[in-house]
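Shown below: protein-v3.cif, with mmCIF, C-alpha atoms and all ligand atoms.
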data_run
loop_
_atom_site.label_atom_id
_atom_site.label_comp_id
_atom_site.auth_asym_id
_atom_site.auth_seq_id
_atom_site.Cartn_x
_atom_site.Cartn_y
_atom_site.Cartn_z
CA MET D 766 -13.64 14.04 -14.70
CA GLU D 767 -11.34 11.16 -15.53
CA LEU D 768 -11.20 8.00 -13.46
CA LEU D 769 -7.76 6.93 -12.27
CA ASP D 770 -8.16 3.26 -13.02
CA GLY D 771 -6.09 1.20 -10.61
CA LYS D 772 -7.09 -2.05 -12.25
CA LYS D 773 -5.77 -0.95 -15.63
CA THR D 774 -2.63 0.63 -14.18
CA SER D 775 -1.83 -2.34 -11.96
CA ALA D 776 -2.45 -4.73 -14.88
CA ALA D 777 0.24 -2.87 -16.87
CA LEU D 778 2.66 -3.08 -13.92
CA LYS D 779 1.89 -6.75 -13.36
CA ASP D 780 2.47 -7.47 -17.05
CA ASP D 781 5.97 -5.97 -16.73
CA ILE D 782 6.62 -8.07 -13.61
CA SER D 783 5.42 -11.28 -15.23
CA ILE D 784 7.71 -10.70 -18.22
CA GLU D 785 10.70 -10.35 -15.88
CA VAL D 786 9.69 -13.42 -13.88
CA ALA D 787 9.27 -15.44 -17.08
CA LYS D 788 12.78 -14.41 -18.14
CA MET D 789 14.16 -15.66 -14.81
CA ILE D 790 12.40 -18.98 -15.22
CA ASP D 791 13.64 -19.30 -18.82
CA ALA D 792 17.17 -18.77 -17.53
CA ASP D 793 16.66 -21.60 -14.99
CA ILE D 794 16.55 -19.15 -12.11
CA GLU D 795 13.92 -19.87 -9.49
CA ALA D 796 10.89 -17.57 -9.46
CA PRO D 797 10.79 -14.90 -6.73
CA HIS D 798 9.15 -16.15 -3.56
CA LEU D 799 6.88 -14.03 -1.35
CA ALA D 800 5.73 -15.35 2.02
CA ALA D 801 3.06 -13.91 4.30
CA ILE D 802 2.44 -14.51 7.99
CA LEU D 803 -1.19 -14.16 9.01
CA VAL D 804 -1.95 -14.25 12.72
CA GLY D 805 -5.57 -14.73 13.74
CA GLU D 806 -8.76 -14.64 11.73
CA ASP D 807 -9.45 -11.00 10.93
CA PRO D 808 -11.70 -11.24 7.81
CA ALA D 809 -10.21 -8.14 6.12
CA SER D 810 -6.68 -9.48 6.65
CA GLN D 811 -7.70 -12.89 5.31
CA THR D 812 -9.10 -11.20 2.20
CA TYR D 813 -5.92 -9.12 1.69
CA VAL D 814 -3.60 -12.09 2.10
CA ALA D 815 -5.68 -14.23 -0.27
CA ALA D 816 -5.64 -11.40 -2.84
CA LYS D 817 -1.84 -11.11 -2.51
CA GLU D 818 -1.45 -14.84 -3.06
CA LYS D 819 -3.70 -14.81 -6.14
CA ALA D 820 -1.85 -11.83 -7.63
CA SER D 821 1.55 -13.42 -6.91
CA LYS D 822 0.61 -16.62 -8.68
CA ALA D 823 -0.80 -14.70 -11.65
CA VAL D 824 2.62 -13.12 -12.33
CA GLY D 825 4.58 -16.31 -11.62
CA ILE D 826 5.79 -15.32 -8.13
CA THR D 827 5.78 -18.23 -5.68
CA SER D 828 3.59 -17.53 -2.66
CA SER D 829 3.33 -19.17 0.73
CA ILE D 830 1.10 -18.28 3.61
CA TYR D 831 1.86 -19.11 7.22
CA ASN D 832 -1.38 -19.08 9.20
CA MET D 833 -0.97 -18.79 12.96
CA PRO D 834 -3.77 -18.80 15.58
CA THR D 835 -4.87 -15.64 17.46
CA SER D 836 -3.40 -17.21 20.61
CA THR D 837 0.13 -17.09 19.09
CA THR D 838 2.55 -15.52 21.55
CA GLU D 839 4.95 -12.74 20.64
CA LYS D 840 7.81 -15.18 21.17
CA GLU D 841 6.30 -17.70 18.77
CA LEU D 842 5.79 -15.03 16.13
CA LEU D 843 9.37 -13.79 16.57
CA LYS D 844 10.49 -17.36 16.00
CA MET D 845 8.49 -17.57 12.77
CA VAL D 846 9.98 -14.27 11.58
CA ASP D 847 13.44 -15.58 12.39
CA PHE D 848 12.70 -18.73 10.42
CA LEU D 849 11.73 -16.71 7.31
CA ASN D 850 14.67 -14.32 7.80
CA ASN D 851 16.92 -17.35 7.45
CA ASP D 852 15.01 -19.29 4.81
CA ASP D 853 17.05 -18.86 1.63
CA ASP D 854 14.07 -19.99 -0.45
CA VAL D 855 12.10 -16.89 0.58
CA ASP D 856 13.10 -13.60 -1.06
CA GLY D 857 10.72 -11.39 0.89
CA PHE D 858 7.87 -11.64 3.37
CA ILE D 859 5.23 -9.63 5.16
CA VAL D 860 3.56 -9.94 8.52
CA GLN D 861 -0.04 -8.95 7.88
CA LEU D 862 -1.22 -6.14 10.16
CA PRO D 863 -3.02 -5.54 12.45
CA LEU D 864 -1.67 -8.13 14.89
CA PRO D 865 -3.62 -9.33 17.95
CA GLU D 866 -3.38 -6.82 20.80
CA HIS D 867 -1.08 -8.90 22.99
CA ILE D 868 1.67 -8.71 20.35
CA ASN D 869 3.90 -5.63 20.04
CA GLU D 870 3.64 -4.76 16.36
CA GLN D 871 6.71 -2.53 16.26
CA LYS D 872 8.84 -5.22 17.92
CA ILE D 873 7.80 -7.69 15.22
CA ILE D 874 8.46 -5.22 12.39
CA GLU D 875 11.92 -4.52 13.80
CA SER D 876 12.70 -8.24 13.90
CA ILE D 877 12.29 -8.58 10.11
CA ASN D 878 15.49 -8.66 8.05
CA PRO D 879 15.38 -5.25 6.25
CA ASN D 880 16.57 -6.97 3.03
CA LYS D 881 13.43 -9.14 3.08
CA ASP D 882 11.07 -6.41 4.30
CA VAL D 883 8.97 -6.07 1.12
CA ASP D 884 6.39 -4.01 3.06
CA GLY D 885 9.06 -1.36 3.64
CA PHE D 886 7.98 -1.00 7.28
CA HIS D 887 11.32 -1.70 9.01
CA PRO D 888 12.95 1.47 10.45
CA VAL D 889 15.98 0.92 8.20
CA ASN D 890 13.76 1.05 5.10
CA VAL D 891 11.64 3.92 6.46
CA GLY D 892 14.86 5.86 7.19
CA LYS D 893 16.28 5.18 3.73
CA MET D 894 12.98 6.18 2.12
CA ALA D 895 12.94 9.45 4.10
CA LEU D 896 16.50 10.20 2.96
CA GLY D 897 15.61 9.39 -0.65
CA LEU D 898 17.97 6.40 -0.70
CA GLU D 899 17.31 3.13 -2.51
CA SER D 900 14.99 1.00 -0.34
CA PHE D 901 11.80 -1.02 -0.32
CA LEU D 902 9.07 1.60 -0.60
CA PRO D 903 5.84 0.80 1.26
CA ALA D 904 3.34 -0.68 -1.20
CA THR D 905 0.39 1.71 -0.91
CA PRO D 906 2.37 4.97 -1.24
CA SER D 907 4.40 3.54 -4.12
CA GLY D 908 1.12 2.43 -5.75
CA ILE D 909 -0.13 6.02 -5.48
CA LEU D 910 3.04 7.32 -7.16
CA GLU D 911 2.66 4.74 -9.94
CA ILE D 912 -0.91 5.80 -10.66
CA LEU D 913 0.13 9.50 -10.81
CA LYS D 914 2.93 8.49 -13.19
CA TYR D 915 0.69 6.34 -15.39
CA TYR D 916 -1.76 9.22 -15.91
CA ASN D 917 1.05 11.74 -16.36
CA ILE D 918 -0.28 13.96 -13.57
CA LYS D 919 1.81 17.06 -12.97
CA THR D 920 2.97 17.15 -9.35
CA GLU D 921 5.82 19.67 -9.44
CA GLY D 922 5.01 22.85 -7.54
CA LYS D 923 1.50 21.63 -6.77
CA HIS D 924 -0.10 21.78 -3.35
CA CYS D 925 -0.48 18.18 -2.20
CA VAL D 926 -2.63 17.73 0.89
CA VAL D 927 -2.45 14.38 2.68
CA LEU D 928 -5.21 13.44 5.13
CA GLY D 929 -4.03 10.95 7.73
CA ARG D 930 -0.60 10.33 9.26
CA SER D 931 -0.38 6.53 9.55
CA ASN D 932 3.00 4.82 9.25
CA ILE D 933 1.62 2.72 6.38
CA VAL D 934 0.25 5.47 4.12
CA GLY D 935 -0.12 9.11 5.24
CA SER D 936 3.28 9.69 6.74
CA PRO D 937 5.35 8.03 3.98
CA ILE D 938 3.36 9.48 1.05
CA SER D 939 3.70 12.97 2.55
CA ILE D 940 7.48 12.52 2.56
CA MET D 941 7.59 11.00 -0.93
CA MET D 942 5.46 13.72 -2.55
CA GLY D 943 7.86 16.37 -1.25
CA GLN D 944 11.00 14.69 -2.58
CA LYS D 945 13.00 16.16 -5.43
CA LYS D 946 11.85 13.86 -8.22
CA TYR D 947 8.79 12.89 -10.24
CA PRO D 948 6.21 12.15 -8.94
CA GLY D 949 7.07 14.59 -6.18
CA ASN D 950 8.39 18.13 -5.97
CA SER D 951 5.02 19.04 -4.46
CA THR D 952 4.40 21.45 -1.60
CA VAL D 953 3.00 19.08 1.00
CA THR D 954 0.59 19.67 3.89
CA LEU D 955 -0.06 16.73 6.22
CA CYS D 956 -3.45 16.94 7.97
CA HIS D 957 -4.67 14.75 10.81
CA SER D 958 -7.23 14.51 13.61
CA ARG D 959 -5.91 17.64 15.35
CA THR D 960 -5.74 19.85 12.25
CA GLU D 961 -7.65 23.13 12.53
CA ASN D 962 -9.50 24.56 9.51
CA LEU D 963 -9.29 21.20 7.77
CA GLU D 964 -11.88 22.06 5.09
CA GLU D 965 -9.99 25.23 4.15
CA ILE D 966 -6.78 23.27 3.70
CA THR D 967 -8.31 20.43 1.70
CA ALA D 968 -10.09 22.98 -0.52
CA SER D 969 -6.69 24.46 -1.43
CA ALA D 970 -5.27 21.10 -2.57
CA ASP D 971 -4.30 20.51 -6.18
CA ILE D 972 -3.68 16.88 -5.22
CA LEU D 973 -5.66 15.46 -2.30
CA ILE D 974 -4.58 12.09 -0.88
CA VAL D 975 -7.07 10.73 1.63
CA ALA D 976 -6.10 7.98 4.06
CA ILE D 977 -8.08 8.92 7.14
CA GLY D 978 -9.97 5.66 7.70
CA SER D 979 -13.46 7.16 7.88
CA PRO D 980 -16.10 6.28 5.24
CA GLU D 981 -17.06 9.15 2.90
CA PHE D 982 -15.29 11.72 5.11
CA VAL D 983 -14.36 14.04 2.23
CA LYS D 984 -17.35 15.83 0.72
CA LYS D 985 -17.69 17.88 -2.46
CA ASP D 986 -17.34 21.26 -0.74
CA MET D 987 -13.96 20.23 0.72
CA VAL D 988 -12.44 19.77 -2.74
CA LYS D 989 -11.09 22.37 -5.15
CA PRO D 990 -12.60 22.18 -8.65
CA GLY D 991 -10.09 20.49 -10.93
CA ALA D 992 -8.24 18.70 -8.12
CA VAL D 993 -6.71 15.23 -8.34
CA VAL D 994 -8.27 13.06 -5.62
CA ILE D 995 -6.66 9.82 -4.43
CA ASP D 996 -8.85 7.76 -2.11
CA VAL D 997 -6.99 5.18 -0.03
CA GLY D 998 -9.94 4.18 2.16
CA ILE D 999 -11.88 0.95 1.82
CA HIS D 1000 -14.91 0.25 4.00
CA ARG D 1001 -17.69 -2.30 3.85
CA VAL D 1002 -20.85 -0.38 4.61
CA LYS D 1003 -24.46 -1.56 4.76
CA SER D 1004 -26.48 -0.98 1.61
CA ASN D 1005 -30.04 -1.77 0.64
CA VAL D 1006 -29.21 -1.47 -3.05
CA THR D 1007 -26.84 -4.42 -3.43
CA LYS D 1008 -27.76 -8.08 -3.23
CA SER D 1009 -25.14 -8.81 -0.58
CA GLY D 1010 -26.45 -6.02 1.65
CA TYR D 1011 -23.02 -4.35 1.59
CA LYS D 1012 -21.18 -1.87 -0.58
CA LEU D 1013 -17.53 -0.83 -0.63
CA LYS D 1014 -16.94 2.84 0.10
CA GLY D 1015 -13.82 4.93 0.30
CA ASP D 1016 -12.82 7.85 2.51
CA VAL D 1017 -14.23 10.15 -0.17
CA GLU D 1018 -17.90 10.68 -0.98
CA PHE D 1019 -17.46 9.64 -4.61
CA GLU D 1020 -20.73 10.85 -6.09
CA GLY D 1021 -20.34 14.44 -4.98
CA VAL D 1022 -16.56 14.75 -5.23
CA SER D 1023 -16.42 13.23 -8.72
CA GLN D 1024 -18.53 16.20 -9.90
CA VAL D 1025 -15.75 18.67 -9.06
CA ALA D 1026 -12.50 16.66 -9.30
CA ALA D 1027 -10.53 16.48 -12.56
CA TYR D 1028 -9.23 13.01 -11.67
CA ILE D 1029 -10.38 10.60 -8.98
CA THR D 1030 -9.64 7.02 -7.95
CA PRO D 1031 -12.73 4.82 -7.56
CA VAL D 1032 -13.31 2.42 -4.66
CA PRO D 1033 -12.96 -0.42 -5.37
CA GLY D 1034 -10.60 -0.47 -8.35
CA GLY D 1035 -8.39 2.50 -7.48
CA VAL D 1036 -5.55 2.40 -4.97
CA GLY D 1037 -6.32 -1.16 -3.77
CA PRO D 1038 -5.02 -3.05 -6.82
CA MET D 1039 -2.01 -0.69 -6.96
CA THR D 1040 -0.96 -1.71 -3.45
CA ILE D 1041 -0.69 -5.35 -4.45
CA ALA D 1042 1.27 -4.46 -7.59
CA GLY D 1043 3.70 -2.49 -5.39
CA LEU D 1044 4.24 -5.52 -3.17
CA LEU D 1045 4.92 -7.76 -6.16
CA ALA D 1046 7.40 -5.22 -7.54
CA ASN D 1047 9.20 -5.19 -4.18
CA THR D 1048 9.33 -9.00 -4.16
CA LEU D 1049 10.95 -9.07 -7.60
CA LYS D 1050 13.39 -6.40 -6.42
CA ALA D 1051 14.20 -8.42 -3.29
CA ALA D 1052 14.93 -11.51 -5.41
CA LYS D 1053 17.29 -9.49 -7.62
CA ILE D 1054 19.11 -7.84 -4.70
CA ASN D 1055 19.35 -10.80 -2.37
CA ARG D 1056 20.40 -13.24 -5.08
CA LYS D 1057 22.64 -10.64 -6.77
CA LEU D 1058 20.89 -11.16 -10.12
N1 LIG L 1101 -2.50 -4.17 6.69
C1 LIG L 1101 -3.07 -3.20 5.92
N2 LIG L 1101 -2.23 -2.86 4.92
C2 LIG L 1101 -1.13 -3.62 5.06
C3 LIG L 1101 0.08 -3.73 4.32
O1 LIG L 1101 0.32 -3.02 3.33
N3 LIG L 1101 0.97 -4.65 4.78
C4 LIG L 1101 0.75 -5.40 5.87
N4 LIG L 1101 1.68 -6.24 6.25
N5 LIG L 1101 -0.36 -5.32 6.58
C5 LIG L 1101 -1.30 -4.44 6.17
#
What is this structure when it is put down as structure tokens?
Ligand code: GUN
Amino acid sequence: MELLDGKKTSAALKDDISIEVAKMIDADIEAPHLAAILVGEDPASQTYVAAKEKASKAVGITSSIYNMPTSTTEKELLKMVDFLNNDDDVDGFIVQLPLPEHINEQKIIESINPNKDVDGFHPVNVGKMALGLESFLPATPSGILEILKYYNIKTEGKHCVVLGRSNIVGSPISIMMGQKKYPGNSTVTLCHSRTENLEEITASADILIVAIGSPEFVKKDMVKPGAVVIDVGIHRVKSNVTKSGYKLKGDVEFEGVSQVAAYITPVPGGVGPMTIAGLLANTLKAAKINRKL
């Protein structure tokens, strides 16, 4: 079994980004600028946004965070989005999800200027992605493709099974893995909560991408020996082994599955760091496109 090391892979990608950013600065061009809107105080979201800011700064990308209270109205958030849409100093921005329940998430996503939508969530970008046109690819799926590329994993003609159909991961990665390019050209099966004979399908996967949101859902007997397993899940579960009383777990039961898989992403240190690298890559791309560099 070989670990698919997201830390190492993302470090290589971030090195490439920082070289490009340094060149911009040397040429007296302002560094790319990524902004994030964070509504409320969800601890996981706070952690993600802080990690994005730290990673941005490390590669020379300017970062700003707009914190808004949980009581923010939809109208107020739309106004903030409009402000960033029109702020020429900002190349791209994200609205951290999930949003408080009283705010219509889709309405907010659709209010973002597609040229600044570095999450790739706007219907214009989703549509372009589905058609295989140039667009901002959502960060987690593009991080998965980058890790497959980095480890030279053969995807052509392989059976790729995706578990989970979210707009953020499962649905887009299932489209991308079927597209006529590398990584891609796979035969894709998308499984979800209503799938019958799930274990049979997962056990036939050459590449298994798991984004189902349930800790340690995939067990050893659900995985074909020699498969490539990509674990998108991240869960804080109670543990009496660690000092903190918690341990991070994925959607895959690592101990068992790593005995049969040929390649597997760990949690933490697998897909997570790749997601952030994908966002930084999109921010650099946004700066180049929007400023016609
Ligand atoms: N919440 C969980 N993942 C993401 C992401 O990739 N982008 C945003 N904006 N929110 C998220």
(request) Please extract the residues at most 6 Å from ligand LIG 1101 (chain L), counting only C-alpha atoms and all ligand atoms, and provide them as a PyMOL selection string, using the chain letters and residue numbers of this document. (result) chain D and resi 859-863+884+904
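When all atoms listed in the file are used to compute distances to Tyr831 in chain D, the closest of the residues D:Ser979, D:Ser775, D:Gln811, D:Thr1007 turns out to be D:Gln811.
Closest approach to Thr827 in chain D among D:Glu806, D:Asp847, D:Asp853, D:Glu795 is made by D:Glu795 (distances from all atoms listed in the file).
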Please, what is the axis-aligned box for every listed atom of range 921-935 of chain D with 3 Å on each side, as centre and edge lengths in Å to one decimal, as AutoDock Vina command-line options?
--center_x 0.3 --center_y 12.8 --center_z 0.1 --size_x 17.0 --size_y 26.1 --size_z 25.0
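With all atoms listed in the file taken into account, the protein and nucleic acid residues at most 12 Å from Leu843 in chain D (excluding it and anything under 2 positions from it in its own chain) are Ile802, Val804, Thr837, Thr838, Glu839, Lys840, Glu841, Met845, Val846, Asp847, Phe848, Leu849, Asn850, Val860, Ile868, Asn869, Glu870, Gln871, Lys872, Ile873, Ile874, Glu875, Ser876, Ile877 and Asn878 of chain D.
For the atom pair formed by CA of Glu964 in chain D and CA of Val1022 in chain D, the distance is 13.5 Å, given to one decimal.
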